[in-house]
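Below is one structure, written out as structure tokens, with a few remarks after it.
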There are 2 protein chains.
Amino acid sequence: MNSVKALFFDVFGTLIDWRNGVARESEKILAPKGYKLDWLAFADAWRGEYQPGMEEVRAGRIPFSRLDVLHRHNLDRILPRFDIKADEETLADLNLAWHRIDAWPDVPPAFARLKKKFWLAPVSNGNISLMVDLARKNNLPWDAILGAEVAGDYKPKPRVYLASCEAFSLKPAQCMMVAAHSYDLKAASELGLRTGHVARPNEAGPGKGEKSPKVPVDVAGNSLEEIADKLGA
Amino acid sequence: MNSVKALFFDVFGTLIDWRNGVARESEKILAPKGYKLDWLAFADAWRGEYQPGMEEVRAGRIPFSRLDVLHRHNLDRILPRFDIKADEETLADLNLAWHRIDAWPDVPPAFARLKKKFWLAPVSNGNISLMVDLARKNNLPWDAILGAEVAGDYKPKPRVYLASCEAFSLKPAQCMMVAAHSYDLKAASELGLRTGHVARPNEAGPGKGEKSPKVPVDVAGNSLEEIADKLGA
């Protein structure tokens with residue numbers, strides 16, 4: 001564990017509260033146009049298209065497209081279900097809801113500590129400009145933006161983790177993937193990365209999140225501050 | 001000019017004083033081993049191999065290799081000229097001289113201002129881990145690390161500039177390349193990027209640097225603070 005030099009973070013769910021954020025931002029844009037929706041259900045439906053959209057890329061059926069493009073495609077798919085008919089400008093703005101989400105409250109104080117001891121990078125499926133907007137909104141002091149767009153594929157494909165280690169000129173054992181999702185940590189672990197699990201038990205709604213890791217991990221905590229404690233940061 | 005959202009920076013020469021930095025760091029490592037060199041001449045010789053090394057990649061004669069690898073190759077080429085015979089550990093450490101260079105003194109205060117108005121990224125031929133070390137040493141608050149390693153080619157190849165605009169989801173006209181070297185700005189300008197020239201008249205030794213741009217640019221200054229003034233930051 002003392003050999004860990006860099007921490008890689010999953011972002012959606014692990015660092016930011018996408019469900020409440022997307023619900024709030026969608027309401028902000030659509031309510032003034034007269035729409036009355038169950039905004040949390042809208043966020044859930046949008047997120048529900050997330051894995052199927054990426055799977056097209058992972059399976060090689062479509063070329064790599066950045067997550068902003070997939071989010072827009074996914075939005076277009078759910079609009080009829082909520083009977084939304086908006087102009088192009090509104091939809092483009094709505095798609096940026098994902099850029100305006102708040103971090104979970106434990107994230108900024110933990111990051112201030114972790115930054116002193118480790119190199120920090122998102123290894124997210126989100127694209128670079130999405131990561132920059134979220135970083136600016138939430139003061140996330142990234143050393144670099146790594147992840148899907150740099151690797152040209154989506155997690156949990158091995159290339160994404162390995163390209164991130166290579167970008168930092170580090171071996172997998174010198175890098176720790178931190179996530180709230182066991183599938184992400186399992187993939188990283190199989191490649192030799194260290195792993196940290198942070199519990200986000202209400203990520204996708206009350207009780208709809210991982211209370212604890214479903215796979216063996218190196219560290220686990222109920223907040224990022226607990227992870228920082230365990231890493232001696 | 002008001003449409004500029006991101007500033008891209010050349011790093012070696014433009015932001016950091018590679019000549020004095022490499023000379024100092026090389027002396028720090030080799031002098032205790034009994035070497036007495038003209039350290040500035042050693043830095044000049046090492047830098048002298050820079051463009052030929054990259055040209056192999058640009059021309060497609062060798063696959064893309066990160067700059068750390070080329071720097072080491074270039075170091076091995078100049079060692080006989082200075083009659084240096086060092087062990088592998090020393091040479092690996094010496095190669096990291098490029099990671100430990102100081103910024104020109106106008107850079108940190110200008111960056112604090114520019115960060116508030118623009119997205120900032122290096123678009124350097126240096127690799128990602130090299131950029132991170134320099135950023136940590138000099139408090140450069142990058143939003144992302146872009147450039148050669150992300151693009152898989154070296155400036156002034158068009159792909160490096162265009163990949164950087166794409167990474168930020170911006171059009172070339174929304175991005176300004178800032179550099180002390182006219183060849184870099186010429187290449188960026190031809191692709192539609194805005195350009196800023198900062199004079200580093202003594203970059204490669206007294207009088208061996210560009211006092212002013214040799215090509216048309218959008219802004220020019222004798223320091224990065226003057227560039228910040230002209231950009232209203």
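In the structure tokens, chains take letters A, B, ... by order of appearance, with residues numbered from 1 within each chain and ligands from 1 in the order shown.
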
Please report as CSV every residue of chain A lying within 7 Å of chain B, along with the nearest atom pair and their distance in Å (one decimal), using only C-alpha atoms.
```
residue,atom,partner,partner_atom,distance
A:Ile128,CA,B:Ala167,CA,5.8
A:Ser129,CA,B:Phe168,CA,4.8
A:Val132,CA,B:Asp143,CA,6.1
A:Asp143,CA,B:Val132,CA,6.1
A:Ala144,CA,B:Ala144,CA,5.1
A:Ile145,CA,B:Ala144,CA,5.3
A:Val150,CA,B:Val150,CA,6.4
A:Ala167,CA,B:Ile128,CA,5.8
A:Phe168,CA,B:Ser129,CA,4.8
A:Ser169,CA,B:Ser129,CA,6.2
```

Self-check item: Which of region 17-214 of chain A DSSP labels strand (DSSP E or B), written as an NGL selection string
Solution: :A and (103 or 119-124 or 146-147 or 175-179 or 194-198)

Practice problem: Determine, counting only C-alpha atoms, which protein, DNA and RNA residues have an atom within 12 Å of an atom of Asp76 (chain A); residues of the same chain fewer than 3 positions away are not included. Present the result as a PyMOL selection string. | Solution: chain A and resi 45-46+49+69-73+79-88+91-92+94-95

Quiz item: Residues at most 12 Å from Glu226 (chain A), counting only C-alpha atoms, excluding those fewer than 4 positions away in the same chain, as a list of chain:residue names?
Solution: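 Selected residues are A:Asp106, A:Val107, A:Pro109, A:Ala110, A:Phe111, A:Arg113, A:Leu114, A:Gly196, A:His197, A:Val198, A:Ala199, A:Val219, A:Ala220, A:Gly221, A:Asn222, A:Lys230, A:Leu231, A:Gly232, A:Ala233.
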
Quiz prompt | Contacts of region 33-43 of chain B at 8 Å (only C-alpha atoms; same-chain gap of 4+ positions) as a VMD selection string | solution = chain B and resid 19 to 20 22 to 24 26 to 27 29 47 82 84

Exercise. Tell me, as JSON, numbers by chain, which residues lie within 10 Å of Pro63 (chain B), counting only C-alpha atoms; anything in the same chain fewer than 4 positions away does not count.
Key: {"B": [56, 57, 58, 59, 152, 153]}

Next, dump the selected residues to file, keeping only C-alpha atoms, as a PDB file, in the first residue's frame.
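The result, stored in part-v5.pdb:
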```
ATOM      1  CA  GLU B  56      11.563  10.737 -36.143  1.00  0.00           C
ATOM      2  CA  VAL B  57       8.071  10.478 -34.654  1.00  0.00           C
ATOM      3  CA  ARG B  58       6.528  13.264 -36.742  1.00  0.00           C
ATOM      4  CA  ALA B  59       7.814  11.700 -39.935  1.00  0.00           C
ATOM      5  CA  GLY B 152      -0.123  10.713 -30.071  1.00  0.00           C
ATOM      6  CA  ASP B 153       2.056  13.026 -32.162  1.00  0.00           C
TER       7      ASP B 153
END
```

Self-check item: Spatial neighbours of Phe12 (chain A), 12 Å, only C-alpha atoms, chain gap at least 3 places, as a VMD selection string
Solution: chain A and resid 9 15 to 22 47 50 67 98 to 104 122 to 127 130 to 131 134 178 to 181 184 200 203 to 204

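Here the question is which of B:Val217, B:Ala6, B:Val11, B:Leu75 gets nearest to Asn138 (chain B) using only C-alpha atoms, and that residue is B:Val11.
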